[in-house]
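K.L.:
Compact mmCIF, C-alpha atoms, file coords.txt:
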# COMPACT_ATOMS: atom_id res chain seq x y z
CA MET A 1 -61.28 -42.98 27.52
CA ALA A 2 -57.82 -41.37 27.71
CA ASP A 3 -55.57 -42.16 30.68
CA SER A 4 -55.20 -38.92 32.65
CA ARG A 5 -52.98 -40.29 35.43
CA PRO A 6 -49.75 -38.35 35.93
CA ARG A 7 -46.88 -40.25 34.39
CA VAL A 8 -43.28 -40.21 33.21
CA LEU A 9 -43.10 -39.40 29.52
CA SER A 10 -39.33 -39.49 28.95
CA LEU A 11 -36.01 -39.60 30.80
CA SER A 12 -32.62 -38.01 30.19
CA THR A 13 -29.20 -37.75 31.76
CA GLY A 14 -25.85 -36.16 31.04
CA LYS A 15 -22.33 -36.88 32.31
CA ALA A 16 -20.97 -33.56 31.03
CA HIS A 17 -22.12 -30.00 31.74
CA THR A 18 -23.82 -29.45 28.38
CA PHE A 19 -27.15 -27.64 28.11
CA SER A 20 -29.21 -30.59 26.87
CA LYS A 21 -29.16 -34.13 28.24
CA SER A 22 -29.26 -37.42 26.33
CA PRO A 23 -32.34 -39.66 26.28
CA ALA A 24 -32.25 -42.68 28.62
CA SER A 25 -34.52 -45.72 28.94
CA SER A 26 -34.30 -45.52 32.74
CA LEU A 27 -32.70 -43.50 35.53
CA THR A 28 -31.30 -44.76 38.79
CA LEU A 29 -32.02 -42.34 41.61
CA ILE A 30 -29.71 -42.36 44.64
CA ALA A 31 -31.09 -41.07 47.94
CA ASN A 32 -29.70 -37.67 49.00
CA TYR A 33 -27.48 -37.62 45.92
CA GLY A 34 -29.37 -37.46 42.61
CA VAL A 35 -29.37 -39.26 39.28
CA GLN A 36 -26.61 -41.85 39.00
CA GLY A 37 -24.02 -40.74 36.43
CA ASP A 38 -25.53 -37.27 35.94
CA CYS A 39 -23.25 -34.22 36.20
CA HIS A 40 -25.67 -32.51 38.61
CA ALA A 41 -25.68 -35.37 41.15
CA GLY A 42 -24.11 -34.70 44.53
CA THR A 43 -24.86 -33.71 48.09
CA THR A 44 -23.68 -30.14 47.41
CA VAL A 45 -24.71 -27.99 44.46
CA GLN A 46 -23.16 -29.03 41.13
CA HIS A 47 -24.50 -26.34 38.80
CA ARG A 48 -21.55 -24.44 37.34
CA SER A 49 -23.04 -21.02 38.12
CA ARG A 50 -22.92 -21.85 41.84
CA LEU A 51 -19.69 -23.82 42.23
CA HIS A 52 -17.85 -20.69 43.46
CA ILE A 53 -20.04 -20.38 46.59
CA ARG A 54 -18.24 -21.30 49.83
CA PRO A 55 -19.15 -23.18 51.83
CA ALA A 56 -20.86 -25.15 49.09
CA PRO A 57 -24.65 -25.09 49.58
CA ALA A 58 -26.76 -28.24 49.77
CA ASN A 59 -27.84 -29.53 46.38
CA LEU A 60 -31.53 -28.73 46.03
CA ARG A 61 -31.29 -29.45 42.28
CA GLN A 62 -30.56 -33.17 42.22
CA ALA A 63 -33.22 -33.88 39.59
CA HIS A 64 -34.97 -31.51 37.16
CA LEU A 65 -38.54 -32.22 36.03
CA MET A 66 -40.38 -30.54 33.16
CA PRO A 67 -44.08 -30.88 32.27
CA LEU A 68 -44.83 -31.68 28.62
CA GLU A 69 -47.78 -29.30 28.80
CA ILE A 70 -45.47 -26.33 29.47
CA LEU A 71 -43.13 -27.34 26.65
CA GLN A 72 -46.10 -27.49 24.28
CA ARG A 73 -47.35 -24.09 25.47
CA VAL A 74 -43.95 -22.44 25.13
CA SER A 75 -43.34 -23.98 21.69
CA ASP A 76 -46.53 -22.47 20.24
CA GLY A 77 -45.52 -20.22 17.35
CA LEU A 78 -41.99 -21.62 16.98
CA SER A 79 -40.83 -23.05 13.68
CA SER A 80 -41.37 -26.79 13.25
CA GLU A 81 -37.59 -27.35 13.62
CA GLU A 82 -37.41 -25.31 16.84
CA LYS A 83 -40.52 -27.03 18.21
CA SER A 84 -39.07 -30.46 17.45
CA ARG A 85 -35.82 -29.59 19.26
CA LEU A 86 -37.65 -28.18 22.29
CA LEU A 87 -39.93 -31.21 22.63
CA SER A 88 -37.09 -33.78 22.44
CA PRO A 89 -36.23 -35.60 25.69
CA GLY A 90 -33.76 -33.64 27.81
CA ALA A 91 -33.69 -30.63 25.47
CA LEU A 92 -33.76 -28.13 28.35
CA GLY A 93 -31.51 -30.23 30.56
CA GLN A 94 -34.41 -31.92 32.34
CA ASN A 95 -34.01 -35.42 33.72
CA ILE A 96 -37.71 -36.27 33.69
CA THR A 97 -40.44 -35.03 31.36
CA THR A 98 -43.89 -35.56 32.85
CA LYS A 99 -47.42 -35.62 31.51
CA GLY A 100 -50.65 -34.96 33.37
CA VAL A 101 -49.37 -33.21 36.50
CA ASP A 102 -49.19 -29.47 37.20
CA LEU A 103 -45.71 -29.50 38.70
CA LEU A 104 -45.48 -25.71 38.85
CA GLY A 105 -48.59 -25.48 41.02
CA LEU A 106 -47.38 -27.92 43.66
CA PRO A 107 -45.94 -26.69 46.97
CA VAL A 108 -42.44 -27.05 48.41
CA GLY A 109 -42.04 -30.48 50.00
CA THR A 110 -44.44 -32.28 47.66
CA GLU A 111 -43.40 -35.92 47.20
CA LEU A 112 -43.54 -37.51 43.76
CA ARG A 113 -43.69 -41.29 44.09
CA PHE A 114 -42.93 -43.30 40.97
CA VAL A 115 -44.94 -46.50 40.66
CA THR A 116 -45.53 -49.22 38.14
CA ASP A 117 -49.22 -49.45 37.33
CA GLY A 118 -50.88 -51.96 39.61
CA ASP A 119 -48.40 -51.78 42.51
CA GLY A 120 -50.62 -49.67 44.80
CA GLY A 121 -49.57 -46.48 46.51
CA GLY A 122 -45.90 -46.60 45.64
CA ASP A 123 -44.49 -47.04 49.15
CA ASP A 124 -41.49 -48.99 47.82
CA GLY A 125 -40.66 -47.01 44.68
CA PRO A 126 -38.37 -44.02 44.14
CA VAL A 127 -39.46 -40.71 45.68
CA LEU A 128 -38.49 -37.14 44.76
CA VAL A 129 -39.21 -34.12 46.94
CA LEU A 130 -39.86 -30.78 45.21
CA THR A 131 -37.55 -27.98 46.35
CA GLY A 132 -38.25 -25.12 43.96
CA LEU A 133 -38.49 -23.72 40.45
CA ARG A 134 -35.79 -23.67 37.83
CA ASN A 135 -34.91 -20.09 37.00
CA PRO A 136 -34.80 -19.79 33.20
CA CYS A 137 -31.26 -18.60 32.54
CA ALA A 138 -29.61 -17.03 29.50
CA GLN A 139 -28.36 -20.44 28.33
CA ILE A 140 -31.90 -21.06 27.08
CA ASN A 141 -31.40 -18.28 24.51
CA ARG A 142 -28.24 -19.96 23.26
CA PHE A 143 -30.30 -23.11 22.70
CA CYS A 144 -32.97 -21.11 20.84
CA PRO A 145 -32.83 -17.30 20.49
CA GLY A 146 -35.67 -15.57 22.36
CA LEU A 147 -36.75 -18.73 24.18
CA GLN A 148 -35.83 -17.54 27.69
CA GLU A 149 -38.58 -14.91 27.71
CA ARG A 150 -41.18 -17.56 26.79
CA PHE A 151 -40.46 -19.27 30.12
CA LEU A 152 -41.20 -16.08 32.08
CA VAL A 153 -44.57 -14.53 32.91
CA ARG A 154 -44.47 -10.78 33.52
CA ASN A 155 -46.98 -8.23 34.78
CA ALA A 156 -47.68 -4.78 33.27
CA LYS A 157 -44.58 -3.39 35.03
CA ARG A 158 -42.45 -6.15 33.41
CA GLU A 159 -41.86 -7.76 36.81
CA ILE A 160 -41.54 -11.55 36.76
CA THR A 161 -44.63 -13.14 38.28
CA ALA A 162 -44.01 -16.76 37.26
CA ARG A 163 -41.24 -19.02 35.99
CA LEU A 164 -42.16 -21.92 33.71
CA ALA A 165 -38.85 -23.79 33.23
CA GLY A 166 -39.77 -26.77 35.39
CA VAL A 167 -39.10 -27.79 38.96
CA MET A 168 -36.11 -28.98 40.94
CA SER A 169 -36.07 -31.79 43.47
CA THR A 170 -34.00 -33.93 45.78
CA VAL A 171 -34.06 -37.72 46.01
CA LYS A 172 -35.72 -39.00 49.19
CA VAL A 173 -35.91 -42.69 48.21
CA GLY A 174 -33.69 -44.18 45.55
CA GLY A 175 -34.60 -46.67 42.86
CA GLU A 176 -35.20 -47.03 39.15
CA VAL A 177 -37.48 -44.70 37.20
CA ARG A 178 -38.68 -45.82 33.77
CA ALA A 179 -40.72 -44.11 31.06
CA GLY A 180 -44.41 -44.89 31.43
CA MET A 181 -44.37 -45.13 35.24
CA SER A 182 -47.23 -43.44 37.07
CA ILE A 183 -46.57 -40.57 39.47
CA VAL A 184 -48.38 -40.43 42.80
CA VAL A 185 -48.44 -36.87 44.16
CA VAL A 186 -48.33 -36.51 47.97
CA ARG A 187 -48.76 -32.93 49.14
CA PRO A 188 -47.43 -31.65 52.47
CA GLU A 189 -49.85 -30.28 55.07
CA LYS A 190 -48.71 -26.68 54.58
CA HIS A 191 -48.84 -25.08 51.13
CA VAL A 192 -45.69 -23.03 50.48
CA PRO A 193 -45.48 -22.02 46.80
CA LEU A 194 -42.36 -23.04 44.92
CA GLY A 195 -39.80 -20.28 44.45
CA PRO A 196 -36.60 -20.25 42.38
CA VAL A 197 -33.71 -22.36 43.70
Represent the structure contained in this file as structure tokens.

P.N.:
Amino acid sequence: MADSRPRVLSLSTGKAHTFSKSPASSLTLIANYGVQGDCHAGTTVQHRSRLHIRPAPANLRQAHLMPLEILQRVSDGLSSEEKSRLLSPGALGQNITTKGVDLLGLPVGTELRFVTDGDGGGDDGPVLVLTGLRNPCAQINRFCPGLQERFLVRNAKREITARLAGVMSTVKVGGEVRAGMSIVVVRPEKHVPLGPV
């Protein structure tokens, strides 16, 4: 029987503000800061498109997570070369690629606790808190022409009804995240859908 538990598939980080990040065997999360050594870590926003805002807003994008299932869905119909690029770790700038969890359907404030199989509920491991959705920007088209639109769901009036480019989070509890770790999902009492941040 296949293991359907949510888990970490791959990890990535990047010191420079390039679109894609480089694969990593582990990530060190720092509470209220982000991924150690990553260009988007910080208490205030580090994304280049928002650095001009004064006063600098709080960084709600300390770690970016992307579900494998969405990458597979979006890559349907792409050439084998484009599909291979899209499915590589960190291709869209994500820090963590997950498998087996519907990240986009979770509410604001959901905690993702990273645990090693067999260590119980994950009270001592790293914890991320979901803050919102990544808005698929034009940089995605520079990575692969036409790809941005694949990460958007539109209604008959061409209005955006959903964004599929992953979720953003802050670090509540620091620690090491490794590929293969299980993810324990802890939902808040109130369900507030994720919006773009």

K.L.:
So that each row is one residue of region 119-192 of chain A with an atom at most 12 Å from region 104-113 of chain A, can you give its shortest atom pair and the distance in Å to one decimal, using all atoms listed in the file, rows by chain and rising number, as CSV?

P.N.:
residue,atom,partner,partner_atom,distance
A:Asp119,CA,A:Arg113,CA,11.6
A:Gly120,CA,A:Arg113,CA,10.9
A:Gly121,CA,A:Arg113,CA,8.2
A:Gly122,CA,A:Arg113,CA,6.0
A:Asp123,CA,A:Arg113,CA,7.7
A:Asp124,CA,A:Arg113,CA,8.8
A:Gly125,CA,A:Arg113,CA,6.5
A:Pro126,CA,A:Arg113,CA,6.0
A:Val127,CA,A:Arg113,CA,4.6
A:Leu128,CA,A:Leu112,CA,5.2
A:Val129,CA,A:Glu111,CA,4.6
A:Leu130,CA,A:Gly109,CA,5.3
A:Thr131,CA,A:Val108,CA,5.4
A:Gly132,CA,A:Val108,CA,6.4
A:Leu133,CA,A:Leu104,CA,7.4
A:Arg134,CA,A:Leu104,CA,10.0
A:Phe151,CA,A:Leu104,CA,12.0
A:Ala162,CA,A:Leu104,CA,9.2
A:Arg163,CA,A:Leu104,CA,8.4
A:Leu164,CA,A:Leu104,CA,7.2
A:Ala165,CA,A:Leu104,CA,8.9
A:Gly166,CA,A:Leu104,CA,6.8
A:Val167,CA,A:Leu104,CA,6.7
A:Met168,CA,A:Val108,CA,10.0
A:Ser169,CA,A:Gly109,CA,8.9
A:Thr170,CA,A:Glu111,CA,9.7
A:Val171,CA,A:Glu111,CA,9.6
A:Lys172,CA,A:Glu111,CA,8.5
A:Val173,CA,A:Arg113,CA,8.9
A:Gly174,CA,A:Arg113,CA,10.5
A:Gly175,CA,A:Arg113,CA,10.6
A:Glu176,CA,A:Arg113,CA,11.4
A:Val177,CA,A:Arg113,CA,9.9
A:Met181,CA,A:Arg113,CA,9.7
A:Ser182,CA,A:Arg113,CA,8.2
A:Ile183,CA,A:Arg113,CA,5.5
A:Val184,CA,A:Arg113,CA,4.9
A:Val185,CA,A:Leu112,CA,5.0
A:Val186,CA,A:Glu111,CA,5.0
A:Arg187,CA,A:Thr110,CA,4.6
A:Pro188,CA,A:Thr110,CA,5.7
A:Glu189,CA,A:Gly109,CA,9.3
A:Lys190,CA,A:Pro107,CA,8.1
A:His191,CA,A:Pro107,CA,5.3
A:Val192,CA,A:Pro107,CA,5.1

K.L.:
So how far away is CA of Thr13 (chain A) from CA of Leu87 (chain A), in Å?

P.N.:
15.5 Å

K.L.:
Just how far from CA of Thr44 (chain A) is CA of Leu68 (chain A), in Å to one decimal?

P.N.:
28.3 Å

K.L.:
I'd like a table as a tab-separated table: residues in region 88-115 of chain A with an atom no more than 10 Å from region 135-148 of chain A, each row giving the shortest atom pair and its distance in Å to one decimal, only C-alpha atoms counted, sorted by chain and rising residue number.

P.N.:
residue	atom	partner	partner_atom	distance
A:Ala91	CA	A:Phe143	CA	8.7
A:Leu92	CA	A:Ile140	CA	7.4
A:Gly93	CA	A:Ile140	CA	9.8

K.L.:
Build an axis-aligned box that encloses every atom of region 134-137 of chain A listed in the file, pad it by 4 Å on each side, and report its centre and edge lengths in Å to one decimal, as AutoDock Vina command-line options.

P.N.:
--center_x -33.5 --center_y -21.1 --center_z 35.2 --size_x 12.5 --size_y 13.1 --size_z 13.3

K.L.:
Identify the residues around (-36.9, -38.0, 30.2) within a radius of 10 Å, measuring from all atoms listed in the file in the coordinates stated by the file, and give them as a PyMOL selection string.

P.N.:
chain A and resi 8-13+21-27+64-66+88-91+93-98+177-179

K.L.:
As JSON, numbers by chain, please: the residues near Gly14 (chain A) (cut-off 8 Å, all atoms listed in the file, same-chain neighbours under 4 positions excluded).

P.N.:
{"A": [18, 20, 21, 22, 37, 38, 39]}

K.L.:
Taking the partial coordinates given, rebuild region 96-120 of chain A to contain N, CA, C and O atoms; return it as a short mmCIF file (atom, residue, chain, number, x, y, z; two decimals), in the frame of the given file.

P.N.:
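Output saved as out-v6.cif:
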data_model
loop_
_atom_site.label_atom_id
_atom_site.label_comp_id
_atom_site.auth_asym_id
_atom_site.auth_seq_id
_atom_site.Cartn_x
_atom_site.Cartn_y
_atom_site.Cartn_z
N ILE A 96 -36.42 -35.58 33.81
CA ILE A 96 -37.71 -36.27 33.69
C ILE A 96 -38.72 -35.32 33.06
O ILE A 96 -38.93 -34.21 33.54
N THR A 97 -39.32 -35.76 31.96
CA THR A 97 -40.44 -35.03 31.36
C THR A 97 -41.71 -35.75 31.77
O THR A 97 -41.81 -36.96 31.63
N THR A 98 -42.66 -34.97 32.33
CA THR A 98 -43.89 -35.56 32.85
C THR A 98 -45.08 -35.20 31.98
O THR A 98 -45.01 -34.26 31.16
N LYS A 99 -46.16 -35.93 32.19
CA LYS A 99 -47.42 -35.62 31.51
C LYS A 99 -48.54 -35.80 32.52
O LYS A 99 -48.57 -36.77 33.28
N GLY A 100 -49.46 -34.82 32.55
CA GLY A 100 -50.65 -34.96 33.37
C GLY A 100 -50.55 -34.48 34.80
O GLY A 100 -51.43 -34.77 35.60
N VAL A 101 -49.49 -33.74 35.14
CA VAL A 101 -49.37 -33.21 36.50
C VAL A 101 -48.88 -31.77 36.44
O VAL A 101 -47.92 -31.46 35.73
N ASP A 102 -49.56 -30.88 37.16
CA ASP A 102 -49.19 -29.47 37.20
C ASP A 102 -48.07 -29.28 38.21
O ASP A 102 -48.29 -28.87 39.35
N LEU A 103 -46.86 -29.58 37.80
CA LEU A 103 -45.71 -29.50 38.70
C LEU A 103 -45.52 -28.10 39.26
O LEU A 103 -45.18 -27.93 40.44
N LEU A 104 -45.74 -27.08 38.44
CA LEU A 104 -45.48 -25.71 38.85
C LEU A 104 -46.44 -25.23 39.93
O LEU A 104 -46.13 -24.31 40.69
N GLY A 105 -47.60 -25.86 40.03
CA GLY A 105 -48.59 -25.48 41.02
C GLY A 105 -48.48 -26.22 42.34
O GLY A 105 -49.24 -25.94 43.28
N LEU A 106 -47.55 -27.14 42.42
CA LEU A 106 -47.38 -27.92 43.66
C LEU A 106 -46.53 -27.16 44.66
O LEU A 106 -45.69 -26.35 44.28
N PRO A 107 -46.72 -27.41 45.96
CA PRO A 107 -45.94 -26.69 46.97
C PRO A 107 -44.58 -27.32 47.25
O PRO A 107 -44.32 -28.48 46.88
N VAL A 108 -43.73 -26.55 47.91
CA VAL A 108 -42.44 -27.05 48.41
C VAL A 108 -42.71 -28.26 49.31
O VAL A 108 -43.63 -28.25 50.12
N GLY A 109 -41.90 -29.29 49.16
CA GLY A 109 -42.04 -30.48 50.00
C GLY A 109 -42.98 -31.53 49.44
O GLY A 109 -43.12 -32.61 50.04
N THR A 110 -43.60 -31.27 48.29
CA THR A 110 -44.44 -32.28 47.66
C THR A 110 -43.59 -33.49 47.30
O THR A 110 -42.49 -33.35 46.76
N GLU A 111 -44.09 -34.69 47.59
CA GLU A 111 -43.40 -35.92 47.20
C GLU A 111 -44.01 -36.45 45.90
O GLU A 111 -45.22 -36.48 45.74
N LEU A 112 -43.13 -36.84 44.99
CA LEU A 112 -43.54 -37.51 43.76
C LEU A 112 -43.06 -38.94 43.87
O LEU A 112 -41.85 -39.20 43.90
N ARG A 113 -44.02 -39.87 43.96
CA ARG A 113 -43.69 -41.29 44.09
C ARG A 113 -43.90 -41.97 42.75
O ARG A 113 -44.98 -41.86 42.16
N PHE A 114 -42.89 -42.65 42.29
CA PHE A 114 -42.93 -43.30 40.97
C PHE A 114 -43.32 -44.77 41.15
O PHE A 114 -42.66 -45.51 41.88
N VAL A 115 -44.40 -45.15 40.49
CA VAL A 115 -44.94 -46.50 40.66
C VAL A 115 -45.22 -47.14 39.31
O VAL A 115 -45.52 -46.47 38.33
N THR A 116 -45.11 -48.46 39.30
CA THR A 116 -45.53 -49.22 38.14
C THR A 116 -47.01 -49.47 38.29
O THR A 116 -47.48 -49.79 39.39
N ASP A 117 -47.78 -49.28 37.24
CA ASP A 117 -49.22 -49.45 37.33
C ASP A 117 -49.56 -50.79 37.95
O ASP A 117 -48.98 -51.82 37.61
N GLY A 118 -50.45 -50.74 38.94
CA GLY A 118 -50.88 -51.96 39.61
C GLY A 118 -50.16 -52.26 40.89
O GLY A 118 -50.50 -53.21 41.59
N ASP A 119 -49.12 -51.45 41.27
CA ASP A 119 -48.40 -51.78 42.51
C ASP A 119 -48.84 -50.91 43.70
O ASP A 119 -48.11 -50.72 44.66
N GLY A 120 -50.05 -50.37 43.64
CA GLY A 120 -50.62 -49.67 44.80
C GLY A 120 -50.12 -48.26 44.95
O GLY A 120 -49.96 -47.53 43.98
#
